[in-house]
Amino acid sequence: MGQPPPMISNSPPVSFSIPLMAPPRILLTGDPLGHLNQLFKRVSSVNKSTGPFDAVLCVGQFFPESSEHLEELTEYVEGRKNIPLPTYFIGDYGAGAAKVLSAAAKESGNQGFKMDGLKIRDNLYWLKGSGKFTLHGLSVAYLSGRRSPSGLIYGTYTQDDIDALRALAEEPGIIDIFLTYPSYLFHSILFLIVTWVMSLYHKVSFP
């Protein structure tokens, strides 16, 4: 006996769609110099008009140049004012820096080897020394502070920080963003970062 004819279904073909992960959207900013009202007002405006964005990276001096702007800084550090997006900074020097950072370093949640930022408060993180971490799929490396022979605890990096960064650079994988000081080096690197990152469809904006 011959084989029966194959059954033909009248049901429409089933299609499957795999959702694609949206590319990260990061805001980059230069020296806030303690003018956090201005910084976060601008961040909120940009995030509302062209966002949403995932995080803010601050390069350059984060803290005020003088004690006149300490009240503005304190309002954010103590949580009296809102920080709209997770914000990471490397410029750990200026008026009030030692007090704020020493208090943060003593917090139990900031103990141990933390390269993804010491938490100052919700949405505010200090990138201390040198390190590398993943931020929304981007590999971010950093060297915090300025080179100084004075041996200051805050606001400077050491030879150990440089050696640790060199070791991280030898690990397999690509570093997407490198944050450091001084300003002339930052601007040179930033131009290359923006060109390269935007070619990979990462959204980079400047508040």
# chains A, B, ... in the order shown; residues from 1 in each chain; ligands from 1
$ select_by_dssp --residues "segment 39-175 of chain A" --states "alpha helix (DSSP H)" --output "PyMOL selection string"
chain A and resi 39-50+70-77+97-106+159-169
$ closest_atom_pairs --of "segment 87-168 of chain A" --to "segment 62-66 of chain A" --cutoff "9 Å" --atoms "only C-alpha atoms" --output "CSV"
residue,atom,partner,partner_atom,distance
A:Phe89,CA,A:Phe62,CA,6.8
A:Ile90,CA,A:Phe62,CA,7.5
A:Gly91,CA,A:Phe62,CA,5.0
A:Asp92,CA,A:Phe62,CA,6.4
A:Tyr93,CA,A:Phe63,CA,6.0
A:Gly94,CA,A:Phe63,CA,4.8
A:Ala95,CA,A:Pro64,CA,5.2
A:Gly96,CA,A:Phe63,CA,6.9
A:Ala97,CA,A:Phe63,CA,6.2
$ closest_atom_pairs --of "segment 16-93 of chain A" --to "segment 135-149 of chain A" --cutoff "12 Å" --atoms "only C-alpha atoms" --output "JSON lines"
{"residue": "A:Met21", "atom": "CA", "partner": "A:Gly137", "partner_atom": "CA", "distance": 10.0}
{"residue": "A:Ala22", "atom": "CA", "partner": "A:His136", "partner_atom": "CA", "distance": 9.9}
{"residue": "A:Pro23", "atom": "CA", "partner": "A:Gly137", "partner_atom": "CA", "distance": 8.3}
{"residue": "A:Pro24", "atom": "CA", "partner": "A:His136", "partner_atom": "CA", "distance": 5.9}
{"residue": "A:Arg25", "atom": "CA", "partner": "A:His136", "partner_atom": "CA", "distance": 8.6}
{"residue": "A:Ile26", "atom": "CA", "partner": "A:His136", "partner_atom": "CA", "distance": 9.1}
{"residue": "A:Phe53", "atom": "CA", "partner": "A:His136", "partner_atom": "CA", "distance": 10.7}
{"residue": "A:Asp54", "atom": "CA", "partner": "A:His136", "partner_atom": "CA", "distance": 7.5}
{"residue": "A:Ala55", "atom": "CA", "partner": "A:Leu135", "partner_atom": "CA", "distance": 8.4}
{"residue": "A:Val56", "atom": "CA", "partner": "A:Leu135", "partner_atom": "CA", "distance": 10.5}
{"residue": "A:Leu57", "atom": "CA", "partner": "A:Val140", "partner_atom": "CA", "distance": 10.0}
{"residue": "A:Cys58", "atom": "CA", "partner": "A:Ser144", "partner_atom": "CA", "distance": 10.9}
{"residue": "A:Val59", "atom": "CA", "partner": "A:Ser144", "partner_atom": "CA", "distance": 8.9}
{"residue": "A:Gly60", "atom": "CA", "partner": "A:Gly145", "partner_atom": "CA", "distance": 8.3}
{"residue": "A:Gln61", "atom": "CA", "partner": "A:Gly145", "partner_atom": "CA", "distance": 8.4}
{"residue": "A:Phe62", "atom": "CA", "partner": "A:Gly145", "partner_atom": "CA", "distance": 10.2}
{"residue": "A:Phe63", "atom": "CA", "partner": "A:Gly145", "partner_atom": "CA", "distance": 11.7}
{"residue": "A:Pro86", "atom": "CA", "partner": "A:Leu135", "partner_atom": "CA", "distance": 10.4}
{"residue": "A:Thr87", "atom": "CA", "partner": "A:Leu135", "partner_atom": "CA", "distance": 11.3}
{"residue": "A:Tyr88", "atom": "CA", "partner": "A:Leu135", "partner_atom": "CA", "distance": 10.3}
{"residue": "A:Phe89", "atom": "CA", "partner": "A:Ser144", "partner_atom": "CA", "distance": 8.3}
{"residue": "A:Ile90", "atom": "CA", "partner": "A:Ser144", "partner_atom": "CA", "distance": 4.6}
{"residue": "A:Gly91", "atom": "CA", "partner": "A:Gly145", "partner_atom": "CA", "distance": 5.4}
{"residue": "A:Asp92", "atom": "CA", "partner": "A:Gly145", "partner_atom": "CA", "distance": 5.8}
{"residue": "A:Tyr93", "atom": "CA", "partner": "A:Gly145", "partner_atom": "CA", "distance": 7.0}
$ closest_residue --among "A:Leu168, A:Ala104, A:Leu36, A:Val43" --to "Trp126 of chain A" --atoms "only C-alpha atoms"
A:Ala104
$ atom_distance --atom1 "atom CA of Thr158 of chain A" --atom2 "atom CA of Asp31 of chain A"
21.5 Å
$ atom_distance --atom1 "atom CA of Pro32 of chain A" --atom2 "atom CA of Lys106 of chain A"
24.7 Å
$ atom_distance --atom1 "atom CA of Tyr76 of chain A" --atom2 "atom CA of Val100 of chain A"
11.2 Å
$ select_by_dssp --residues "segment 15-149 of chain A" --states "strand (DSSP E or B)" --output "MDAnalysis selection string"
chainID A and resid 25:29 55:61 87:91 118:121 124:126 130:135 138:143 146:147
$ write_last_selection --atoms "C-alpha atoms" --output "CSV table (one decimal), in the first residue's frame"
chain,number,residue,atom,x,y,z
A,25,ARG,CA,23.0,56.2,26.3
A,26,ILE,CA,25.6,58.0,28.4
A,27,LEU,CA,26.0,61.7,29.1
A,28,LEU,CA,29.5,63.1,29.4
A,29,THR,CA,30.3,66.4,31.2
A,55,ALA,CA,24.1,57.5,33.4
A,56,VAL,CA,26.3,60.6,33.6
A,57,LEU,CA,30.2,60.6,33.6
A,58,CYS,CA,31.9,63.6,35.1
A,59,VAL,CA,35.5,64.4,34.2
A,60,GLY,CA,37.5,67.1,35.8
A,61,GLN,CA,37.1,68.8,39.2
A,87,THR,CA,26.4,60.0,38.2
A,88,TYR,CA,30.0,58.9,38.3
A,89,PHE,CA,32.9,61.3,38.9
A,90,ILE,CA,36.7,61.1,39.0
A,91,GLY,CA,37.7,64.7,40.0
A,118,LEU,CA,32.1,54.2,46.0
A,119,LYS,CA,28.6,55.3,46.8
A,120,ILE,CA,28.3,58.8,48.1
A,121,ARG,CA,24.5,58.7,48.1
A,124,LEU,CA,26.3,59.5,43.1
A,125,TYR,CA,29.4,57.4,42.8
A,126,TRP,CA,33.1,58.2,43.3
A,130,SER,CA,42.1,53.5,39.0
A,131,GLY,CA,39.9,50.7,37.8
A,132,LYS,CA,37.7,49.2,35.1
A,133,PHE,CA,34.0,48.3,35.3
A,134,THR,CA,31.0,47.6,33.1
A,135,LEU,CA,28.4,50.3,32.8
A,138,LEU,CA,30.2,49.6,28.1
A,139,SER,CA,33.7,48.9,29.5
A,140,VAL,CA,34.8,52.0,31.4
A,141,ALA,CA,38.4,52.5,32.6
A,142,TYR,CA,39.5,55.4,34.7
A,143,LEU,CA,42.4,57.1,36.5
A,146,ARG,CA,45.9,64.4,39.4
A,147,ARG,CA,49.5,63.4,39.6
$ closest_residue --among "A:Ala98, A:Asp161, A:Asn37, A:Asp116" --to "Glu75 of chain A" --atoms "only C-alpha atoms"
A:Asn37
